[in-house]
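Chemist: Below is the structure I would like to discuss, written out as structure tokens.
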Amino acid sequence: MTKGTDPRPPLDPAALAGLAPRWRVEVVDETPSTNAVAAQRAREGEPEGLVVTTEHQTAGRGRLDRVWETPARSAVALSVVLRPDVPGARWPWLPLLTGVAVTEALRGLGYDAGVKWPNDVLIATGDGERKVCGILVERIEVAAGSTTGDRGPAAVVGVGLNTSMSAEELPVATATSLAVAGGAPVDRTEVLVAVLERLGERYREWLADPAALGTTYAALSVTVGRAVRVELPGGNVLAGTATRIDADGRLVVAHDGTETAVGAGDVVHARLA
Ligand code: BTN
């Protein structure tokens, strides 16, 4: 193929190297799961700042034991090792923080993005909202007998963002890609750099000032204020109006004259009038 005509070019290592020293980005050609690679490195004592990304993720891990698969070079799949030195009670904010960073990065690139609680990133299309990005944060404990010193637990922050998938390649009708939503080719390296830059900024801010994130999250949320159905982990369903996000990152739902704070679940938005 003539140089410059590949519709799905590989990531640009030189641009990714420019993210140092905050991020040390490693590109693997193909892997089942970048989260699995990053988790193994975290268990072995990898310091904060490693980013594992790939040209082709073949069996990515999704929430609720789902699989997250994408054709080669059609998505940005990345996993970041963080070691936040904060109380465990604050960890549930990490996936929400990541949703904020991705949403801001996409808005900066011109997409009409918003975050659906807890951390799916949606894009508004002429045909309603569609999911463009999923986030999976895994907590990794230090291996027993580790000789890597006392680094404490790690968070592996996994982000799967559909960049160049065609309409035919989308896994479900509720998904989209940047290329489909924007109607134009996408530079995966540019998207990856923008996400990591925003993630670095938001993470630094959150460590210093946790309350600021709540305000930003609410402003970017496309869930708060909406009629919702929440499918709870045990199989129950809660229907009501999402009123706010509480200090623990839970979604507060008003229903039947009372309020319930939900820490985990799948949210379905009622269609906007
Ligand atoms: C979801 O189910 O919405 C979350 C999907 C998270 C997928 C990403 S892709 C990069 C990283 N590696 C994985 O194995 N999973 C996450």
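In the structure tokens, chains take letters A, B, ... by order of appearance, with residues numbered from 1 within each chain and ligands from 1 in the order shown.
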Write down as a PyMOL selection string the residues of region 28-260 of chain A whose backbone DSSP state falls under helix (DSSP H, G or I).

Modeler: chain A and resi 34-43+63-65+88-90+93-108+167-169+178-182+188-208+210-220

Chemist: How close does each residue of chain A get to ligand 1, giving the shortest atom pair and distance in Å to one decimal for every residue with an atom at most 8 Å away, counting only C-alpha atoms and all ligand atoms, sorted by chain and residue number, as a tab-separated table?

Modeler:
residue	atom	partner	partner_atom_place_in_ligand_line	distance
A:Pro32	CA	ligand 1	14 (O)	7.2
A:Ser33	CA	ligand 1	14 (O)	3.9
A:Thr34	CA	ligand 1	12 (N)	4.3
A:Asn35	CA	ligand 1	12 (N)	4.0
A:Ala36	CA	ligand 1	14 (O)	6.3
A:Thr53	CA	ligand 1	10 (C)	7.6
A:Gln57	CA	ligand 1	9 (S)	7.4
A:Ala59	CA	ligand 1	14 (O)	6.8
A:Gly60	CA	ligand 1	14 (O)	3.3
A:Arg61	CA	ligand 1	14 (O)	3.6
A:Gly62	CA	ligand 1	2 (O)	3.4
A:Arg63	CA	ligand 1	2 (O)	3.7
A:Leu64	CA	ligand 1	2 (O)	6.9
A:Asp65	CA	ligand 1	2 (O)	7.9
A:Arg66	CA	ligand 1	2 (O)	6.1
A:Val67	CA	ligand 1	2 (O)	7.3
A:Trp68	CA	ligand 1	7 (C)	5.5
A:Glu69	CA	ligand 1	9 (S)	8.0
A:Val76	CA	ligand 1	9 (S)	7.5
A:Ala77	CA	ligand 1	10 (C)	4.0
A:Leu78	CA	ligand 1	10 (C)	4.6
A:Ser79	CA	ligand 1	11 (C)	5.4
A:Asn119	CA	ligand 1	3 (O)	7.9
A:Asp120	CA	ligand 1	3 (O)	6.2
A:Cys133	CA	ligand 1	3 (O)	6.8
A:Gly134	CA	ligand 1	3 (O)	3.4
A:Ile135	CA	ligand 1	4 (C)	4.2
A:Leu136	CA	ligand 1	6 (C)	4.6
A:Val137	CA	ligand 1	16 (C)	8.0
A:Val157	CA	ligand 1	11 (C)	7.4
A:Gly158	CA	ligand 1	11 (C)	3.8
A:Val159	CA	ligand 1	8 (C)	4.3
A:Gly160	CA	ligand 1	9 (S)	3.5
A:Leu161	CA	ligand 1	9 (S)	7.2

Chemist: Give me the residues near Thr223 (chain A) as a list in words, where near means some atom within 7 Å (using only C-alpha atoms) and where sequence neighbours in that chain fewer than 5 positions away do not count.

Modeler: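 The filter keeps Lys116, Trp117 and Ala242 of chain A.
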
Chemist: Give me the residues near region 249-262 of chain A as a ChimeraX atom specification, where near means some atom within 7 Å (using only C-alpha atoms) and where sequence neighbours in that chain fewer than 6 positions away do not count.

Modeler: /A:92-93,239-243

Chemist: Just all heavy atoms for this one: save the residues we selected as a PDB file, in the first residue's frame.

Modeler:
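To be explicit, this is the file written out as again-v1.pdb:
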ATOM      1  N   PRO A  92     -13.667   4.382  44.454  1.00  0.00           N
ATOM      2  CA  PRO A  92     -14.766   4.328  43.485  1.00  0.00           C
ATOM      3  C   PRO A  92     -14.835   5.541  42.547  1.00  0.00           C
ATOM      4  O   PRO A  92     -15.508   5.491  41.512  1.00  0.00           O
ATOM      5  CB  PRO A  92     -16.013   4.257  44.385  1.00  0.00           C
ATOM      6  CG  PRO A  92     -15.521   3.615  45.643  1.00  0.00           C
ATOM      7  CD  PRO A  92     -14.120   4.143  45.827  1.00  0.00           C
ATOM      8  N   TRP A  93     -14.136   6.611  42.897  1.00  0.00           N
ATOM      9  CA  TRP A  93     -14.122   7.768  42.006  1.00  0.00           C
ATOM     10  C   TRP A  93     -13.191   7.576  40.812  1.00  0.00           C
ATOM     11  O   TRP A  93     -13.273   8.327  39.829  1.00  0.00           O
ATOM     12  CB  TRP A  93     -13.720   9.037  42.774  1.00  0.00           C
ATOM     13  CG  TRP A  93     -14.894   9.671  43.444  1.00  0.00           C
ATOM     14  CD1 TRP A  93     -15.249   9.569  44.754  1.00  0.00           C
ATOM     15  CD2 TRP A  93     -15.903  10.486  42.828  1.00  0.00           C
ATOM     16  NE1 TRP A  93     -16.412  10.270  44.982  1.00  0.00           N
ATOM     17  CE2 TRP A  93     -16.831  10.848  43.827  1.00  0.00           C
ATOM     18  CE3 TRP A  93     -16.104  10.941  41.526  1.00  0.00           C
ATOM     19  CZ2 TRP A  93     -17.943  11.642  43.553  1.00  0.00           C
ATOM     20  CZ3 TRP A  93     -17.225  11.731  41.257  1.00  0.00           C
ATOM     21  CH2 TRP A  93     -18.125  12.077  42.266  1.00  0.00           C
ATOM     22  N   ALA A 239     -36.528   2.025  39.095  1.00  0.00           N
ATOM     23  CA  ALA A 239     -36.938   3.017  38.100  1.00  0.00           C
ATOM     24  C   ALA A 239     -37.249   4.319  38.810  1.00  0.00           C
ATOM     25  O   ALA A 239     -37.912   4.324  39.859  1.00  0.00           O
ATOM     26  CB  ALA A 239     -38.159   2.529  37.343  1.00  0.00           C
ATOM     27  N   GLY A 240     -36.748   5.431  38.289  1.00  0.00           N
ATOM     28  CA  GLY A 240     -36.997   6.727  38.910  1.00  0.00           C
ATOM     29  C   GLY A 240     -36.288   7.823  38.156  1.00  0.00           C
ATOM     30  O   GLY A 240     -36.007   7.688  36.959  1.00  0.00           O
ATOM     31  N   THR A 241     -35.950   8.883  38.892  1.00  0.00           N
ATOM     32  CA  THR A 241     -35.227  10.008  38.285  1.00  0.00           C
ATOM     33  C   THR A 241     -33.869  10.141  38.949  1.00  0.00           C
ATOM     34  O   THR A 241     -33.778  10.177  40.188  1.00  0.00           O
ATOM     35  CB  THR A 241     -36.027  11.317  38.481  1.00  0.00           C
ATOM     36  OG1 THR A 241     -37.307  11.150  37.894  1.00  0.00           O
ATOM     37  CG2 THR A 241     -35.315  12.488  37.820  1.00  0.00           C
ATOM     38  N   ALA A 242     -32.826  10.213  38.145  1.00  0.00           N
ATOM     39  CA  ALA A 242     -31.471  10.391  38.683  1.00  0.00           C
ATOM     40  C   ALA A 242     -31.341  11.839  39.124  1.00  0.00           C
ATOM     41  O   ALA A 242     -31.480  12.753  38.304  1.00  0.00           O
ATOM     42  CB  ALA A 242     -30.433  10.064  37.616  1.00  0.00           C
ATOM     43  N   THR A 243     -31.104  12.052  40.413  1.00  0.00           N
ATOM     44  CA  THR A 243     -31.102  13.443  40.903  1.00  0.00           C
ATOM     45  C   THR A 243     -29.696  14.010  41.085  1.00  0.00           C
ATOM     46  O   THR A 243     -29.483  15.199  40.912  1.00  0.00           O
ATOM     47  CB  THR A 243     -31.856  13.563  42.238  1.00  0.00           C
ATOM     48  OG1 THR A 243     -31.290  12.644  43.173  1.00  0.00           O
ATOM     49  CG2 THR A 243     -33.334  13.273  42.054  1.00  0.00           C
TER      50      THR A 243
END

Chemist: In Å, with one decimal, what is the gap from CA of Leu106 (chain A) to CA of Tyr203 (chain A)?

Modeler: 17.1 Å

Chemist: From the set A:Thr58, A:Thr31, A:Thr70, A:Thr98, which residue has the shortest atom-to-atom contact distance to Leu199 (chain A), counting only C-alpha atoms?

Modeler: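 Answer, going by the shortest atom-to-atom distance: A:Thr98.
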
Chemist: Tell me, as a PDB file with all heavy atoms, in the first residue's frame, which residues lie within 9 Å of Glu231 (chain A), counting only C-alpha atoms; anything in the same chain fewer than 3 positions away does not count.

Modeler:
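See around.pdb below for the written result:
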ATOM      1  N   GLY A 234     -28.003  -7.645  41.749  1.00  0.00           N
ATOM      2  CA  GLY A 234     -28.761  -8.827  42.165  1.00  0.00           C
ATOM      3  C   GLY A 234     -29.898  -9.202  41.234  1.00  0.00           C
ATOM      4  O   GLY A 234     -30.560 -10.221  41.441  1.00  0.00           O
ATOM      5  N   GLY A 235     -30.162  -8.364  40.219  1.00  0.00           N
ATOM      6  CA  GLY A 235     -31.235  -8.667  39.275  1.00  0.00           C
ATOM      7  C   GLY A 235     -32.448  -7.756  39.451  1.00  0.00           C
ATOM      8  O   GLY A 235     -33.318  -7.712  38.581  1.00  0.00           O
ATOM      9  N   ASN A 236     -32.522  -7.024  40.579  1.00  0.00           N
ATOM     10  CA  ASN A 236     -33.637  -6.087  40.762  1.00  0.00           C
ATOM     11  C   ASN A 236     -33.482  -4.883  39.841  1.00  0.00           C
ATOM     12  O   ASN A 236     -32.372  -4.565  39.395  1.00  0.00           O
ATOM     13  CB  ASN A 236     -33.706  -5.607  42.212  1.00  0.00           C
ATOM     14  CG  ASN A 236     -34.196  -6.702  43.139  1.00  0.00           C
ATOM     15  OD1 ASN A 236     -34.813  -7.662  42.687  1.00  0.00           O
ATOM     16  ND2 ASN A 236     -33.901  -6.575  44.421  1.00  0.00           N
ATOM     17  N   VAL A 237     -34.615  -4.210  39.615  1.00  0.00           N
ATOM     18  CA  VAL A 237     -34.599  -3.019  38.769  1.00  0.00           C
ATOM     19  C   VAL A 237     -35.169  -1.850  39.574  1.00  0.00           C
ATOM     20  O   VAL A 237     -36.181  -2.002  40.263  1.00  0.00           O
ATOM     21  CB  VAL A 237     -35.440  -3.247  37.493  1.00  0.00           C
ATOM     22  CG1 VAL A 237     -35.592  -1.952  36.711  1.00  0.00           C
ATOM     23  CG2 VAL A 237     -34.793  -4.324  36.622  1.00  0.00           C
ATOM     24  N   LEU A 238     -34.500  -0.713  39.462  1.00  0.00           N
ATOM     25  CA  LEU A 238     -34.953   0.496  40.144  1.00  0.00           C
ATOM     26  C   LEU A 238     -35.304   1.515  39.071  1.00  0.00           C
ATOM     27  O   LEU A 238     -34.466   1.841  38.218  1.00  0.00           O
ATOM     28  CB  LEU A 238     -33.796   1.012  41.010  1.00  0.00           C
ATOM     29  CG  LEU A 238     -34.034   2.205  41.909  1.00  0.00           C
ATOM     30  CD1 LEU A 238     -35.093   1.871  42.963  1.00  0.00           C
ATOM     31  CD2 LEU A 238     -32.716   2.568  42.607  1.00  0.00           C
ATOM     32  N   ALA A 239     -36.528   2.025  39.095  1.00  0.00           N
ATOM     33  CA  ALA A 239     -36.938   3.017  38.100  1.00  0.00           C
ATOM     34  C   ALA A 239     -37.249   4.319  38.810  1.00  0.00           C
ATOM     35  O   ALA A 239     -37.912   4.324  39.859  1.00  0.00           O
ATOM     36  CB  ALA A 239     -38.159   2.529  37.343  1.00  0.00           C
ATOM     37  N   ALA A 264     -23.580   0.400  42.114  1.00  0.00           N
ATOM     38  CA  ALA A 264     -23.221  -0.371  40.915  1.00  0.00           C
ATOM     39  C   ALA A 264     -24.501  -0.747  40.192  1.00  0.00           C
ATOM     40  O   ALA A 264     -25.541  -0.943  40.815  1.00  0.00           O
ATOM     41  CB  ALA A 264     -22.458  -1.631  41.304  1.00  0.00           C
ATOM     42  N   GLY A 265     -24.410  -0.857  38.886  1.00  0.00           N
ATOM     43  CA  GLY A 265     -25.583  -1.259  38.113  1.00  0.00           C
ATOM     44  C   GLY A 265     -25.484  -0.749  36.694  1.00  0.00           C
ATOM     45  O   GLY A 265     -24.609   0.053  36.367  1.00  0.00           O
ATOM     46  N   ASP A 266     -26.372  -1.259  35.869  1.00  0.00           N
ATOM     47  CA  ASP A 266     -26.445  -0.822  34.459  1.00  0.00           C
ATOM     48  C   ASP A 266     -27.601   0.155  34.338  1.00  0.00           C
ATOM     49  O   ASP A 266     -28.739  -0.185  34.676  1.00  0.00           O
ATOM     50  CB  ASP A 266     -26.731  -2.027  33.559  1.00  0.00           C
ATOM     51  CG  ASP A 266     -25.468  -2.565  32.933  1.00  0.00           C
ATOM     52  OD1 ASP A 266     -24.409  -1.912  33.084  1.00  0.00           O
ATOM     53  OD2 ASP A 266     -25.538  -3.631  32.300  1.00  0.00           O
ATOM     54  N   VAL A 267     -27.324   1.325  33.828  1.00  0.00           N
ATOM     55  CA  VAL A 267     -28.359   2.353  33.712  1.00  0.00           C
ATOM     56  C   VAL A 267     -28.892   2.398  32.286  1.00  0.00           C
ATOM     57  O   VAL A 267     -28.121   2.353  31.325  1.00  0.00           O
ATOM     58  CB  VAL A 267     -27.773   3.736  34.085  1.00  0.00           C
ATOM     59  CG1 VAL A 267     -28.746   4.859  33.729  1.00  0.00           C
ATOM     60  CG2 VAL A 267     -27.440   3.786  35.566  1.00  0.00           C
ATOM     61  N   VAL A 268     -30.200   2.481  32.182  1.00  0.00           N
ATOM     62  CA  VAL A 268     -30.819   2.729  30.874  1.00  0.00           C
ATOM     63  C   VAL A 268     -31.498   4.083  30.977  1.00  0.00           C
ATOM     64  O   VAL A 268     -32.321   4.312  31.866  1.00  0.00           O
ATOM     65  CB  VAL A 268     -31.865   1.637  30.534  1.00  0.00           C
ATOM     66  CG1 VAL A 268     -32.489   1.915  29.171  1.00  0.00           C
ATOM     67  CG2 VAL A 268     -31.221   0.253  30.578  1.00  0.00           C
TER      68      VAL A 268
END
